[in-house]
Amino acid sequence: MKKRTDNTKNPRPTGTPFTKGGTASDKNSPLLKGVDAERQTGVFTCRPTWQEYFLEVMAAAAKRATCDRGRFACVIARDNVLLSTGYIGAPKGSPHCDDVGHLMKTVVNEDGTQSRHCVRTTHAEANAICQAAKNGISVDGATLYCQMTPCRACAGMIANCGIIRVVAQHNYHGASSAEGCEILKNAGVELVILNDVPPSYKDQ
């Protein structure tokens with residue numbers, strides 16, 4: 001019988017920067033690209049910080065998303081405890097983008113610019129908040145991790161349910177993002193944007 005190895009005397013370092021990548025809180029972190037370099041190679045050299053951990057959980061949840069324009073997810077946590085997750089997808093009983101295609105709408109912004117949006121889905125932030133409510137879990141005082149800054153509707157839900165901090169991997173394009181950020185600011189919700197450059201995707 002193989003003897004079990006005790007690693008307690010030599011624990012992995014906590015919050016040690018990734019090689020040439022920084023931690024998930026850094027703008028140049030590989031985590032901001034969706035999958036960090038260590039996970040690609042299968043070699044892990046350090047124990048992740050709590051923020052890195054929740055961003056990795058979010059990346060895993062995003063694999064369940066059903067809209068290929070943006071397979072986004074969301075994680076809500078408080079006191080380093082995971083409370084709820086959500087990912088983008090059609091409402092219960094409705095067809096998914098992956099099955100029937102997108103339901104696209106063109107939005108004319110106040111500055112005259114136009115942006116395209118798929119409205120078939122419910123956003124990840126809304127789904128995470130709904131899951132918490134459905135299961136009787138309070139998110140008051142929690143932190144929400146998301147892949148892009150919340151839209152106006154999601155920002156309103158975040159403000160009203162008592163979430164006090166939002167960590168977004170990317171800034172979103174269009175006026176909706178600006179309105180969402182303003183709602184969070186007015187509600188006193190701290191907003192941390194790890195990468196200010198919006199991601200690009202087809203039919204934007």
# chains A, B, ... in the order shown; residues from 1 in each chain; ligands from 1
$ residues_around --residues "segment 77-85 of chain A" --least-positions-apart "3" --cutoff "7 Å" --atoms "only C-alpha atoms" --output "number ranges by chain"
A: 50, 74, 128, 131-132, 141-144
$ residues_around --residues "Met148 of chain A" --least-positions-apart "2" --cutoff "8 Å" --atoms "only C-alpha atoms" --output "list in words"
Cys146, Pro150, Ala168, Gln169, His170, Asn171 and Tyr172 of chain A
$ residues_around --residues "Cys97 of chain A" --least-positions-apart "6" --cutoff "9 Å" --atoms "only C-alpha atoms" --output "mmCIF file with C-alpha atoms, in the first residue's frame"
data_model
loop_
_atom_site.group_PDB
_atom_site.id
_atom_site.type_symbol
_atom_site.label_atom_id
_atom_site.label_comp_id
_atom_site.auth_asym_id
_atom_site.auth_seq_id
_atom_site.Cartn_x
_atom_site.Cartn_y
_atom_site.Cartn_z
ATOM 1 C CA THR A 66 -25.579 28.773 -24.850
ATOM 2 C CA CYS A 67 -24.863 31.875 -26.976
ATOM 3 C CA ASP A 68 -21.700 31.725 -29.059
ATOM 4 C CA GLY A 89 -28.673 31.434 -21.777
ATOM 5 C CA ALA A 90 -32.314 31.518 -22.833
ATOM 6 C CA LEU A 103 -32.355 36.991 -31.941
ATOM 7 C CA CYS A 118 -28.651 39.264 -29.053
ATOM 8 C CA ARG A 120 -32.692 35.812 -26.797
ATOM 9 C CA THR A 121 -30.716 35.239 -23.632
#
$ residues_around --residues "Ala133 of chain A" --least-positions-apart "6" --cutoff "10 Å" --atoms "only C-alpha atoms" --output "list in words"
Ser84, Asn127, Val139 and Cys161 of chain A
$ atom_distance --atom1 "atom CA of His123 of chain A" --atom2 "atom CA of Arg69 of chain A"
12.3 Å
$ closest_atom_pairs --of "segment 35-125 of chain A" --to "segment 175-184 of chain A" --cutoff "9 Å" --atoms "only C-alpha atoms" --output "Markdown table"
| residue | atom | partner | partner_atom | distance |
| --- | --- | --- | --- | --- |
| A:Asn109 | CA | A:Ala175 | CA | 6.2 |
| A:Glu110 | CA | A:Ala175 | CA | 7.6 |
| A:Asp111 | CA | A:Ala175 | CA | 8.4 |
| A:Ser115 | CA | A:Ala175 | CA | 9.0 |
$ write_last_selection --atoms "all heavy atoms" --output "short mmCIF file (atom, residue, chain, number, x, y, z; two decimals), in the first residue's frame"
data_model
loop_
_atom_site.label_atom_id
_atom_site.label_comp_id
_atom_site.auth_asym_id
_atom_site.auth_seq_id
_atom_site.Cartn_x
_atom_site.Cartn_y
_atom_site.Cartn_z
N ASN A 109 -27.73 54.36 -30.15
CA ASN A 109 -27.33 55.02 -28.92
C ASN A 109 -27.50 56.53 -29.02
O ASN A 109 -27.70 57.08 -30.11
CB ASN A 109 -25.87 54.67 -28.62
CG ASN A 109 -25.65 53.17 -28.52
OD1 ASN A 109 -26.37 52.48 -27.81
ND2 ASN A 109 -24.67 52.67 -29.26
N GLU A 110 -27.45 57.20 -27.88
CA GLU A 110 -27.68 58.64 -27.84
C GLU A 110 -26.67 59.43 -28.68
O GLU A 110 -26.99 60.50 -29.20
CB GLU A 110 -27.64 59.13 -26.39
CG GLU A 110 -28.83 58.67 -25.55
CD GLU A 110 -28.80 59.24 -24.15
OE1 GLU A 110 -27.83 59.96 -23.83
OE2 GLU A 110 -29.75 58.99 -23.38
N ASP A 111 -25.47 58.90 -28.81
CA ASP A 111 -24.46 59.60 -29.60
C ASP A 111 -24.57 59.31 -31.09
O ASP A 111 -23.73 59.74 -31.89
CB ASP A 111 -23.05 59.26 -29.11
CG ASP A 111 -22.75 57.77 -29.21
OD1 ASP A 111 -23.61 57.01 -29.70
OD2 ASP A 111 -21.64 57.36 -28.79
N SER A 115 -25.25 49.70 -32.13
CA SER A 115 -24.64 48.47 -31.65
C SER A 115 -25.64 47.33 -31.77
O SER A 115 -26.85 47.55 -31.72
CB SER A 115 -24.17 48.63 -30.19
OG SER A 115 -25.24 49.05 -29.36
#
$ atom_distance --atom1 "atom CA of Glu125 of chain A" --atom2 "atom CA of Gly162 of chain A"
13.5 Å
